[in-house]
file protein_2.cif (mmCIF, C-alpha atoms)
data_final
#
loop_
_atom_site.label_atom_id
_atom_site.label_comp_id
_atom_site.auth_asym_id
_atom_site.auth_seq_id
_atom_site.Cartn_x
_atom_site.Cartn_y
_atom_site.Cartn_z
CA MET J 1 -18.52 14.59 10.25
CA ASN J 2 -17.54 11.17 11.47
CA GLU J 3 -14.39 10.82 9.39
CA LEU J 4 -12.06 11.05 12.37
CA SER J 5 -13.80 8.27 14.25
CA ASP J 6 -13.77 6.20 11.06
CA LEU J 7 -10.06 6.73 10.58
CA MET J 8 -9.44 5.79 14.18
CA ALA J 9 -11.53 2.67 13.77
CA ALA J 10 -9.34 1.79 10.78
CA ASP J 11 -6.40 1.83 13.17
CA GLY J 12 -7.56 -1.34 14.88
CA ARG J 13 -9.50 0.11 17.80
CA GLY J 14 -11.79 -2.90 17.56
CA ILE J 15 -8.94 -5.24 18.44
CA ALA J 16 -7.85 -3.04 21.33
CA ALA J 17 -11.35 -3.08 22.77
CA ALA J 18 -11.58 -6.84 22.37
CA ASN J 19 -8.35 -7.31 24.27
CA SER J 20 -9.05 -4.86 27.08
CA PRO J 21 -8.02 -6.28 30.49
CA ASP J 22 -11.54 -6.70 31.90
CA ARG J 23 -12.25 -9.23 29.17
CA VAL J 24 -9.06 -11.24 29.16
CA TRP J 25 -10.28 -13.71 31.79
CA ALA J 26 -13.70 -14.10 30.23
CA VAL J 27 -13.08 -17.28 28.26
CA PRO J 28 -16.46 -17.51 26.50
CA ARG J 29 -16.00 -13.94 25.30
CA ARG J 30 -12.56 -14.73 23.94
CA LEU J 31 -13.84 -17.79 22.13
CA GLU J 32 -16.59 -15.69 20.64
CA GLN J 33 -13.99 -13.13 19.57
CA ALA J 34 -11.77 -15.78 18.01
CA ALA J 35 -14.70 -17.22 16.09
CA LEU J 36 -15.61 -13.73 14.90
CA ILE J 37 -12.08 -13.04 13.66
CA ALA J 38 -11.94 -16.43 11.92
CA LEU J 39 -15.28 -15.82 10.22
CA GLN J 40 -14.30 -12.32 9.07
CA LEU J 41 -10.99 -13.63 7.75
CA LEU J 42 -12.82 -16.39 5.93
CA GLY J 43 -15.07 -13.77 4.30
CA LEU J 44 -12.10 -11.63 3.19
CA CYS J 45 -10.31 -14.75 1.85
CA ALA J 46 -13.44 -15.81 -0.02
CA LEU J 47 -13.66 -12.40 -1.70
CA ASN J 48 -9.95 -12.55 -2.57
CA TYR J 49 -10.32 -15.97 -4.19
CA ALA J 50 -13.48 -14.87 -5.96
CA GLY J 51 -11.45 -11.98 -7.44
CA ILE J 52 -8.62 -14.28 -8.50
CA TRP J 53 -11.10 -16.73 -10.00
CA PHE J 54 -12.88 -13.92 -11.88
CA VAL J 55 -9.61 -12.62 -13.36
CA ARG J 56 -8.57 -16.11 -14.46
CA ARG J 57 -11.95 -16.78 -15.95
CA THR J 58 -12.19 -13.53 -17.92
CA GLY J 59 -8.48 -13.08 -18.67
CA LEU J 60 -8.67 -9.40 -17.63
CA PRO J 61 -5.18 -7.89 -17.07
CA VAL J 62 -5.95 -6.68 -13.52
CA PRO J 63 -4.92 -8.08 -10.13
CA GLY J 64 -7.38 -10.53 -8.55
CA ASN J 65 -7.01 -8.94 -5.11
CA LEU J 66 -8.00 -5.55 -6.60
CA ILE J 67 -11.19 -7.15 -7.97
CA GLY J 68 -11.79 -8.56 -4.48
CA MET J 69 -11.43 -5.06 -3.03
CA VAL J 70 -13.80 -3.55 -5.59
CA ALA J 71 -16.26 -6.40 -4.95
CA LEU J 72 -16.24 -5.73 -1.19
CA TYR J 73 -16.80 -2.01 -1.85
CA ALA J 74 -19.72 -2.85 -4.16
CA LEU J 75 -21.27 -5.20 -1.59
CA LEU J 76 -20.96 -2.49 1.09
CA ALA J 77 -22.45 0.15 -1.19
CA LEU J 78 -25.34 -2.15 -2.15
CA GLY J 79 -26.02 -2.86 1.51
CA VAL J 80 -25.49 -6.62 1.06
CA VAL J 81 -22.82 -6.66 3.77
CA LYS J 82 -22.06 -4.26 6.64
CA VAL J 83 -18.74 -2.63 7.63
CA ALA J 84 -19.09 -4.20 11.10
CA TRP J 85 -18.95 -7.70 9.56
CA PHE J 86 -15.31 -7.20 8.55
CA ASP J 87 -14.09 -4.40 10.76
CA VAL J 88 -12.20 -6.21 13.54
CA THR J 89 -10.12 -8.42 11.25
CA GLY J 90 -9.91 -5.91 8.39
CA SER J 91 -8.62 -3.12 10.60
CA PHE J 92 -6.05 -5.42 12.17
CA LEU J 93 -4.75 -6.56 8.76
CA ILE J 94 -4.57 -2.97 7.47
CA LYS J 95 -2.77 -1.82 10.60
CA HIS J 96 -0.07 -4.45 10.06
CA LEU J 97 -0.12 -4.35 6.26
CA ALA J 98 3.58 -3.42 6.23
CA PHE J 99 4.49 -6.78 7.81
CA PHE J 100 3.28 -8.68 4.77
CA PHE J 101 5.56 -6.61 2.48
CA ILE J 102 8.73 -7.70 4.25
CA PRO J 103 8.97 -11.25 2.82
CA ILE J 104 8.57 -9.70 -0.65
CA THR J 105 11.22 -7.01 -0.24
CA VAL J 106 13.65 -9.59 1.17
CA GLY J 107 13.84 -10.68 -2.49
CA LEU J 108 16.18 -7.70 -2.89
CA MET J 109 18.98 -9.89 -1.58
CA ASN J 110 19.18 -11.16 -5.16
CA SER J 111 19.25 -7.64 -6.65
CA GLY J 112 22.33 -6.23 -4.92
CA PRO J 113 24.47 -5.74 -8.07
CA LEU J 114 21.63 -4.02 -9.92
CA LEU J 115 20.98 -1.59 -7.07
CA LEU J 116 24.69 -0.85 -6.75
CA ALA J 117 24.99 -0.13 -10.48
CA ASP J 118 21.80 1.89 -10.97
CA GLY J 119 20.86 2.96 -7.43
CA LEU J 120 21.54 6.67 -7.90
CA GLY J 121 19.59 6.90 -11.15
CA ILE J 122 16.70 4.98 -9.60
CA MET J 123 16.55 7.31 -6.58
CA LEU J 124 16.56 10.35 -8.88
CA ILE J 125 13.71 8.94 -10.99
CA LEU J 126 11.66 8.05 -7.91
CA ALA J 127 12.12 11.53 -6.40
CA LEU J 128 11.42 13.38 -9.66
CA SER J 129 8.33 11.36 -10.57
CA ALA J 130 6.92 11.54 -7.03
CA ALA J 131 7.37 15.33 -7.00
CA ILE J 132 5.71 15.75 -10.41
CA GLY J 133 2.86 13.41 -9.45
CA ILE J 134 2.22 15.31 -6.21
CA ILE J 135 2.32 18.68 -7.98
CA LEU J 136 -0.04 17.47 -10.75
CA ALA J 137 -2.59 15.87 -8.38
CA GLY J 138 -2.48 18.81 -5.95
CA TRP J 139 -2.48 21.59 -8.50
CA VAL J 140 -5.15 20.20 -10.87
CA SER J 141 -7.54 19.46 -8.01
CA GLN J 142 -6.94 22.83 -6.33
CA VAL J 143 -7.52 24.81 -9.54
CA LEU J 144 -10.81 22.96 -10.12
CA LEU J 145 -11.88 23.27 -6.48
CA ARG J 146 -11.28 27.02 -6.59
CA ALA J 147 -13.10 27.30 -9.92
CA SER J 148 -16.13 25.79 -8.20
CA GLY J 149 -15.82 28.39 -5.44
CA ASP J 150 -14.26 26.18 -2.75
CA VAL J 151 -11.13 27.88 -1.43
CA GLY J 152 -10.74 25.38 1.41
CA GLY J 153 -9.54 27.88 4.01
CA GLY J 154 -5.90 26.79 3.79
CA SER J 155 -4.32 24.08 5.87
CA MET K 156 17.09 -30.48 1.66
CA THR K 157 14.96 -33.03 3.48
CA GLN K 158 11.38 -32.27 4.50
CA ILE K 159 12.48 -31.67 8.08
CA GLN K 160 15.20 -29.26 7.01
CA ILE K 161 12.74 -27.34 4.82
CA ALA K 162 10.30 -27.08 7.74
CA ALA K 163 13.09 -25.97 10.07
CA VAL K 164 14.31 -23.27 7.67
CA ALA K 165 10.74 -22.11 7.11
CA SER K 166 10.10 -21.80 10.86
CA PHE K 167 13.39 -19.97 11.26
CA GLY K 168 12.47 -17.62 8.39
CA VAL K 169 9.08 -16.82 9.89
CA ALA K 170 10.58 -16.30 13.37
CA VAL K 171 13.28 -13.95 12.05
CA THR K 172 10.77 -11.94 10.00
CA VAL K 173 8.25 -11.57 12.82
CA GLY K 174 11.07 -10.70 15.23
CA ALA K 175 12.48 -8.08 12.86
CA TYR K 176 9.02 -6.55 12.41
CA VAL K 177 8.38 -6.32 16.16
CA LEU K 178 11.84 -4.79 16.61
CA SER K 179 11.09 -2.24 13.86
CA LEU K 180 7.88 -1.17 15.61
CA LEU K 181 9.85 -0.57 18.81
CA ALA K 182 12.61 1.24 16.92
CA ARG K 183 10.12 3.51 15.17
CA LYS K 184 8.50 4.41 18.47
CA ARG K 185 11.85 5.25 20.04
CA TYR K 186 13.59 6.88 17.06
CA PRO K 187 11.02 7.99 14.47
CA SER K 188 12.87 8.56 11.18
CA PRO K 189 12.61 7.43 7.54
CA LEU K 190 15.31 4.87 8.38
CA THR K 191 13.14 3.15 10.98
CA THR K 192 10.25 2.63 8.53
CA PRO K 193 9.16 -0.95 9.38
CA VAL K 194 9.62 -2.36 5.87
CA LEU K 195 13.06 -0.86 5.30
CA PHE K 196 14.35 -1.61 8.80
CA SER K 197 12.98 -5.18 8.95
CA THR K 198 14.08 -6.06 5.42
CA THR K 199 17.64 -5.03 6.23
CA ILE K 200 17.67 -7.19 9.37
CA VAL K 201 16.13 -10.23 7.66
CA ILE K 202 18.54 -10.05 4.70
CA ALA K 203 21.50 -9.70 7.08
CA VAL K 204 20.39 -12.72 9.13
CA LEU K 205 19.71 -14.87 6.06
CA LEU K 206 23.07 -13.99 4.49
CA GLY K 207 24.79 -14.58 7.82
CA SER K 208 23.26 -18.04 8.21
CA GLY K 209 23.77 -19.04 4.58
CA ILE K 210 20.07 -19.26 3.69
CA SER K 211 19.26 -18.26 0.09
CA PHE K 212 16.11 -16.44 -1.00
CA ALA K 213 14.93 -19.71 -2.59
CA ASP K 214 15.29 -21.48 0.79
CA TYR K 215 13.29 -18.62 2.35
CA GLY K 216 10.50 -19.27 -0.20
CA PRO K 217 8.26 -21.52 1.97
CA ALA K 218 8.45 -19.02 4.85
CA LYS K 219 7.58 -16.23 2.43
CA GLN K 220 4.58 -18.19 1.18
CA ILE K 221 3.26 -18.77 4.70
CA MET K 222 3.57 -15.08 5.61
CA THR K 223 2.21 -13.52 2.44
CA PHE K 224 -0.89 -15.74 2.54
CA LEU K 225 -2.79 -12.98 4.38
CA LEU K 226 -1.77 -10.24 1.94
CA GLY K 227 -4.71 -11.05 -0.37
CA PRO K 228 -7.42 -10.72 2.29
CA ALA K 229 -5.62 -7.64 3.68
CA THR K 230 -5.85 -5.97 0.26
CA VAL K 231 -9.55 -6.79 0.04
CA ALA K 232 -9.97 -5.14 3.46
CA LEU K 233 -8.70 -1.83 1.98
CA ALA K 234 -12.28 -1.43 0.73
CA LEU K 235 -13.28 -0.64 4.34
CA PRO K 236 -11.55 2.77 4.72
CA LEU K 237 -12.48 3.49 1.10
CA TYR K 238 -16.15 2.92 1.92
CA LYS K 239 -16.06 4.71 5.28
CA ASN K 240 -14.60 7.88 3.74
CA ARG K 241 -16.40 7.82 0.39
CA GLN K 242 -18.61 10.86 1.10
CA VAL K 243 -15.74 13.30 1.34
CA PHE K 244 -14.51 12.16 -2.08
CA PHE K 245 -17.95 12.21 -3.71
CA ARG K 246 -18.54 15.76 -2.46
CA ASN K 247 -15.50 16.84 -4.51
CA MET K 248 -15.93 14.32 -7.30
CA VAL K 249 -14.81 16.29 -10.37
CA PRO K 250 -11.78 18.17 -8.94
CA ALA K 251 -10.62 15.13 -6.96
CA GLY K 252 -11.17 12.72 -9.86
CA CYS K 253 -9.27 14.92 -12.35
CA GLY K 254 -6.44 15.51 -9.88
CA LEU K 255 -6.19 11.81 -9.18
CA LEU K 256 -6.00 10.91 -12.87
CA ALA K 257 -3.41 13.63 -13.57
CA GLY K 258 -1.24 12.59 -10.63
CA SER K 259 -1.45 8.81 -11.08
CA LEU K 260 -0.91 8.81 -14.83
CA GLY K 261 1.58 11.69 -14.69
CA THR K 262 3.88 10.01 -12.21
CA MET K 263 3.71 6.74 -14.18
CA VAL K 264 4.64 8.40 -17.47
CA VAL K 265 7.41 10.57 -15.98
CA ALA K 266 8.96 7.61 -14.13
CA GLY K 267 8.74 5.30 -17.14
CA LEU K 268 10.10 7.87 -19.59
CA THR K 269 13.05 8.96 -17.45
CA ALA K 270 13.93 5.31 -16.73
CA ARG K 271 13.95 4.61 -20.44
CA LEU K 272 16.04 7.72 -21.15
CA LEU K 273 18.60 6.44 -18.65
CA GLY K 274 18.70 3.21 -20.64
CA PHE K 275 17.20 0.89 -18.02
CA ALA K 276 16.08 -2.60 -19.01
CA PRO K 277 12.34 -3.01 -19.78
CA SER K 278 11.56 -5.01 -16.63
CA LEU K 279 13.30 -2.41 -14.43
CA THR K 280 11.53 0.45 -16.22
CA SER K 281 8.18 -1.30 -15.72
CA SER K 282 8.89 -1.79 -12.01
CA ILE K 283 9.67 1.92 -11.62
CA ALA K 284 6.60 3.07 -13.54
CA ILE K 285 4.07 1.46 -11.17
CA LYS K 286 5.71 2.56 -7.90
CA SER K 287 2.88 4.80 -6.72
CA THR K 288 0.47 1.90 -6.08
CA THR K 289 0.13 0.31 -2.66
CA VAL K 290 2.48 -2.72 -2.36
CA PRO K 291 0.07 -5.69 -2.55
CA ILE K 292 -1.54 -4.38 -5.71
CA ALA K 293 1.74 -3.13 -7.23
CA VAL K 294 3.23 -6.62 -6.81
CA GLU K 295 0.30 -8.15 -8.69
CA ILE K 296 0.47 -5.53 -11.46
CA ALA K 297 4.20 -6.29 -11.69
CA LYS K 298 3.44 -9.94 -12.49
CA ILE K 299 0.97 -8.91 -15.19
CA ILE K 300 3.33 -6.47 -16.97
CA GLN K 301 6.45 -8.64 -16.48
CA ALA K 302 8.18 -6.40 -13.98
CA ALA K 303 10.16 -7.66 -10.97
CA PRO K 304 7.92 -7.97 -7.85
CA ALA K 305 10.64 -7.50 -5.19
CA LEU K 306 12.09 -4.43 -6.93
CA THR K 307 8.61 -3.02 -7.44
CA ALA K 308 7.85 -3.47 -3.74
CA ILE K 309 10.97 -1.62 -2.64
CA PHE K 310 10.37 1.22 -5.16
CA VAL K 311 6.84 1.55 -3.75
CA VAL K 312 8.19 1.76 -0.19
CA ILE K 313 10.85 4.33 -1.14
CA THR K 314 8.28 6.41 -3.04
CA GLY K 315 6.08 6.31 0.05
CA MET K 316 8.88 7.62 2.23
CA MET K 317 9.94 10.33 -0.21
CA GLY K 318 6.41 11.61 -0.83
CA ALA K 319 5.37 11.49 2.81
CA SER K 320 8.46 13.32 4.04
CA LEU K 321 8.97 15.87 1.22
CA GLY K 322 5.45 16.13 -0.24
CA PRO K 323 3.94 18.45 2.39
CA TRP K 324 6.94 20.79 2.19
CA LEU K 325 6.84 20.82 -1.63
CA MET K 326 3.12 21.56 -1.74
CA THR K 327 3.43 24.42 0.74
CA ARG K 328 6.31 25.85 -1.34
CA ILE K 329 4.27 25.99 -4.54
CA GLY K 330 1.00 27.10 -2.91
CA ILE K 331 -1.05 23.89 -2.80
CA ILE K 332 -2.88 24.60 0.44
CA HIS K 333 -6.39 23.19 0.00
CA PRO K 334 -6.73 20.27 2.48
CA VAL K 335 -8.58 18.15 -0.10
CA SER K 336 -5.80 18.68 -2.67
CA ARG K 337 -3.05 17.95 -0.17
CA GLY K 338 -4.67 14.71 1.00
CA LEU K 339 -5.43 13.69 -2.56
CA ALA K 340 -1.84 14.16 -3.72
CA LEU K 341 -0.32 12.38 -0.70
CA GLY K 342 -2.62 9.37 -0.99
CA ALA K 343 -2.34 9.09 -4.78
CA ILE K 344 1.46 9.22 -4.93
CA SER K 345 2.63 7.94 -1.55
CA HIS K 346 -0.21 5.47 -0.79
CA GLY K 347 -0.17 4.21 2.85
CA GLN K 348 2.73 6.29 4.08
CA GLY K 349 1.29 9.42 2.44
CA THR K 350 -2.10 8.71 3.97
CA ALA K 351 -0.55 8.42 7.44
CA GLU K 352 1.07 11.83 6.89
CA ALA K 353 -2.20 13.37 5.63
CA ILE K 354 -4.03 12.14 8.76
CA VAL K 355 -1.53 14.14 10.81
CA GLU K 356 -2.20 17.29 8.70
CA SER K 357 -5.97 17.30 9.08
CA GLN K 358 -8.98 15.07 9.42
CA LEU K 359 -10.23 16.08 5.97
CA SER K 360 -6.87 15.49 4.29
CA GLY K 361 -6.56 12.07 5.91
CA ALA K 362 -9.98 10.92 4.79
CA VAL K 363 -9.37 12.10 1.21
CA ALA K 364 -5.94 10.43 1.18
CA GLY K 365 -7.39 7.06 2.20
CA VAL K 366 -9.82 7.11 -0.69
CA SER K 367 -7.24 8.54 -3.06
CA MET K 368 -4.82 5.69 -2.31
CA GLY K 369 -7.46 3.07 -3.13
CA LEU K 370 -8.62 4.78 -6.31
CA ALA K 371 -5.02 5.39 -7.47
CA ALA K 372 -4.51 1.61 -7.23
CA VAL K 373 -7.60 1.03 -9.38
CA CYS K 374 -6.48 3.68 -11.86
CA THR K 375 -2.90 2.36 -12.16
CA SER K 376 -4.09 -1.26 -12.45
CA LEU K 377 -6.37 -0.39 -15.33
CA ALA K 378 -3.87 1.83 -17.17
CA ALA K 379 -0.56 0.03 -16.59
CA PRO K 380 -1.03 -2.95 -18.95
CA TYR K 381 -1.62 -0.50 -21.82
CA ILE K 382 0.72 2.40 -20.97
CA VAL K 383 3.75 0.76 -19.36
CA PRO K 384 4.71 -1.49 -22.34
CA LEU K 385 4.86 1.66 -24.49
CA LEU K 386 7.18 3.36 -21.99
CA ALA K 387 9.37 0.33 -21.31
CA GLY K 388 9.92 -0.44 -24.99
#

call {"tool": "encode", "arguments": {"input": "protein_2.cif", "output": "structure tokens"}}
result
Amino acid sequence: MNELSDLMAADGRGIAAANSPDRVWAVPRRLEQAALIALQLLGLCALNYAGIWFVRRTGLPVPGNLIGMVALYALLALGVVKVAWFDVTGSFLIKHLAFFFIPITVGLMNSGPLLLADGLGIMLILALSAAIGIILAGWVSQVLLRASGDVGGGS
Amino acid sequence: MTQIQIAAVASFGVAVTVGAYVLSLLARKRYPSPLTTPVLFSTTIVIAVLLGSGISFADYGPAKQIMTFLLGPATVALALPLYKNRQVFFRNMVPAGCGLLAGSLGTMVVAGLTARLLGFAPSLTSSIAIKSTTVPIAVEIAKIIQAAPALTAIFVVITGMMGASLGPWLMTRIGIIHPVSRGLALGAISHGQGTAEAIVESQLSGAVAGVSMGLAAVCTSLAAPYIVPLLAG
């Protein structure tokens, strides 16, 4: 079971190791690190644009970045690329994913009246639908898991 | 505005946003609460500063474009945790797959239907229906089904907070105790925030949640263009 170490790696441990104090003064190392991050970013950007291009070309009603994600998964599964090729930059971006949402949600400054008028109803819908979704996903999977003899040992 | 003014406002916008984000990370460390969620906390600060300095959302546009440039590659990178944790999902393929479909589609239909019953406009109803997908993908789906991206993003964030804070309690109440099921439900409905909560519950739950969040995005992306227009009317 290496899931825990994987999850920790997804929390940007690579970056932390790269910036550890004993390396800060080692200029060639830092240059190497910067080049690595730039290359990994370039790879992720290339996949993103490939996804956007594919969606435009085929007219499929799916997000281009989702196609990029599926493409990266497929390349990993096929062994064409390795996790280590993207890990440092990818983990850093995922760790700070929330930052990139902020400029989008700032758009709410134009939706004040709507939220004031319908805010309560919206909160009720969000709570109700989240609760039903959680119950459905949890209950359906648990019934089927138990039917296959896996009781899971509780939590 | 002249070129120089545009550049100045853009730099100011970026500086304020980065500053607000850093502040939110500190605030969350010091006072962990749903109110110090980075997106909610930072958005409030940025809007307050922009309103205070008389900058409109349109003026903030160039800054927004600079900062969201990395959102695409960041979304692509979500394939990494998906790939790293794939085994735990494949081991429970049928139960996890059925649960994921039921949860993702169920929450979409319930949200869309109740929004319509309350008489919400089609674009608002569409924004609400896709709120269980992680933000970068939800925003893109929003453009495809003619929903409002900013509203969609905030509904996604609120859903994340609600599910992550109340989901574990709710599941315990109604007897959903299997760690795979709990992780699956948290990741599918409350995406990143739910996954963070599942990691705290157990290693197994966290791994399942990471995969569940990615697959829920795939599932919602594929279904939304066909289902949401029916719900939104």

call {"tool": "residues_around", "arguments": {"input": "protein_2.cif", "residues": "Ser179 in chain K", "least_positions_apart": "2", "cutoff": "7 Å", "atoms": "all atoms listed in the file", "output": "PyMOL selection string"}}
result
chain K and resi 175-177+181-183+191+193+196-197

call {"tool": "closest_residue", "arguments": {"input": "protein_2.cif", "among": "K:Ala257, K:Ile354, K:Ala232, K:Ile292", "to": "Phe92 in chain J", "atoms": "only C-alpha atoms"}}
result
K:Ala232

call {"tool": "resolve_selection", "arguments": {"input": "protein_2.cif", "expression": "the PyMOL selection byres ((chain J) within 7 of (chain K))", "output": "ChimeraX atom specification"}}
result
/J:3-4,6,10,44-45,48,61-63,65-66,68-70,72-73,83,90,93-94,97-109,125-127,129-130,132-142,144-145,151-155

call {"tool": "write_last_selection", "arguments": {"input": "protein_2.cif", "atoms": "C-alpha atoms", "output": "compact mmCIF listing (two decimals), in the frame of the given file"}}
result
# COMPACT_ATOMS: atom_id res chain seq x y z
CA GLU J 3 -14.39 10.82 9.39
CA LEU J 4 -12.06 11.05 12.37
CA ASP J 6 -13.77 6.20 11.06
CA ALA J 10 -9.34 1.79 10.78
CA LEU J 44 -12.10 -11.63 3.19
CA CYS J 45 -10.31 -14.75 1.85
CA ASN J 48 -9.95 -12.55 -2.57
CA PRO J 61 -5.18 -7.89 -17.07
CA VAL J 62 -5.95 -6.68 -13.52
CA PRO J 63 -4.92 -8.08 -10.13
CA ASN J 65 -7.01 -8.94 -5.11
CA LEU J 66 -8.00 -5.55 -6.60
CA GLY J 68 -11.79 -8.56 -4.48
CA MET J 69 -11.43 -5.06 -3.03
CA VAL J 70 -13.80 -3.55 -5.59
CA LEU J 72 -16.24 -5.73 -1.19
CA TYR J 73 -16.80 -2.01 -1.85
CA VAL J 83 -18.74 -2.63 7.63
CA GLY J 90 -9.91 -5.91 8.39
CA LEU J 93 -4.75 -6.56 8.76
CA ILE J 94 -4.57 -2.97 7.47
CA LEU J 97 -0.12 -4.35 6.26
CA ALA J 98 3.58 -3.42 6.23
CA PHE J 99 4.49 -6.78 7.81
CA PHE J 100 3.28 -8.68 4.77
CA PHE J 101 5.56 -6.61 2.48
CA ILE J 102 8.73 -7.70 4.25
CA PRO J 103 8.97 -11.25 2.82
CA ILE J 104 8.57 -9.70 -0.65
CA THR J 105 11.22 -7.01 -0.24
CA VAL J 106 13.65 -9.59 1.17
CA GLY J 107 13.84 -10.68 -2.49
CA LEU J 108 16.18 -7.70 -2.89
CA MET J 109 18.98 -9.89 -1.58
CA ILE J 125 13.71 8.94 -10.99
CA LEU J 126 11.66 8.05 -7.91
CA ALA J 127 12.12 11.53 -6.40
CA SER J 129 8.33 11.36 -10.57
CA ALA J 130 6.92 11.54 -7.03
CA ILE J 132 5.71 15.75 -10.41
CA GLY J 133 2.86 13.41 -9.45
CA ILE J 134 2.22 15.31 -6.21
CA ILE J 135 2.32 18.68 -7.98
CA LEU J 136 -0.04 17.47 -10.75
CA ALA J 137 -2.59 15.87 -8.38
CA GLY J 138 -2.48 18.81 -5.95
CA TRP J 139 -2.48 21.59 -8.50
CA VAL J 140 -5.15 20.20 -10.87
CA SER J 141 -7.54 19.46 -8.01
CA GLN J 142 -6.94 22.83 -6.33
CA LEU J 144 -10.81 22.96 -10.12
CA LEU J 145 -11.88 23.27 -6.48
CA VAL J 151 -11.13 27.88 -1.43
CA GLY J 152 -10.74 25.38 1.41
CA GLY J 153 -9.54 27.88 4.01
CA GLY J 154 -5.90 26.79 3.79
CA SER J 155 -4.32 24.08 5.87

call {"tool": "atom_distance", "arguments": {"input": "protein_2.cif", "atom1": "CA of Gly274 in chain K", "atom2": "CA of Leu190 in chain K"}}
result
29.3 Å

call {"tool": "atom_distance", "arguments": {"input": "protein_2.cif", "atom1": "CA of Ser188 in chain K", "atom2": "CA of Val355 in chain K"}}
result
15.4 Å

call {"tool": "residues_around", "arguments": {"input": "protein_2.cif", "residues": "Gln160 in chain K", "least_positions_apart": "4", "cutoff": "12 Å", "atoms": "only C-alpha atoms", "output": "ChimeraX atom specification"}}
result
/K:156,164-167,210,214-215,217

call {"tool": "atom_distance", "arguments": {"input": "protein_2.cif", "atom1": "CA of Thr89 in chain J", "atom2": "CA of Ile37 in chain J"}}
result
5.6 Å
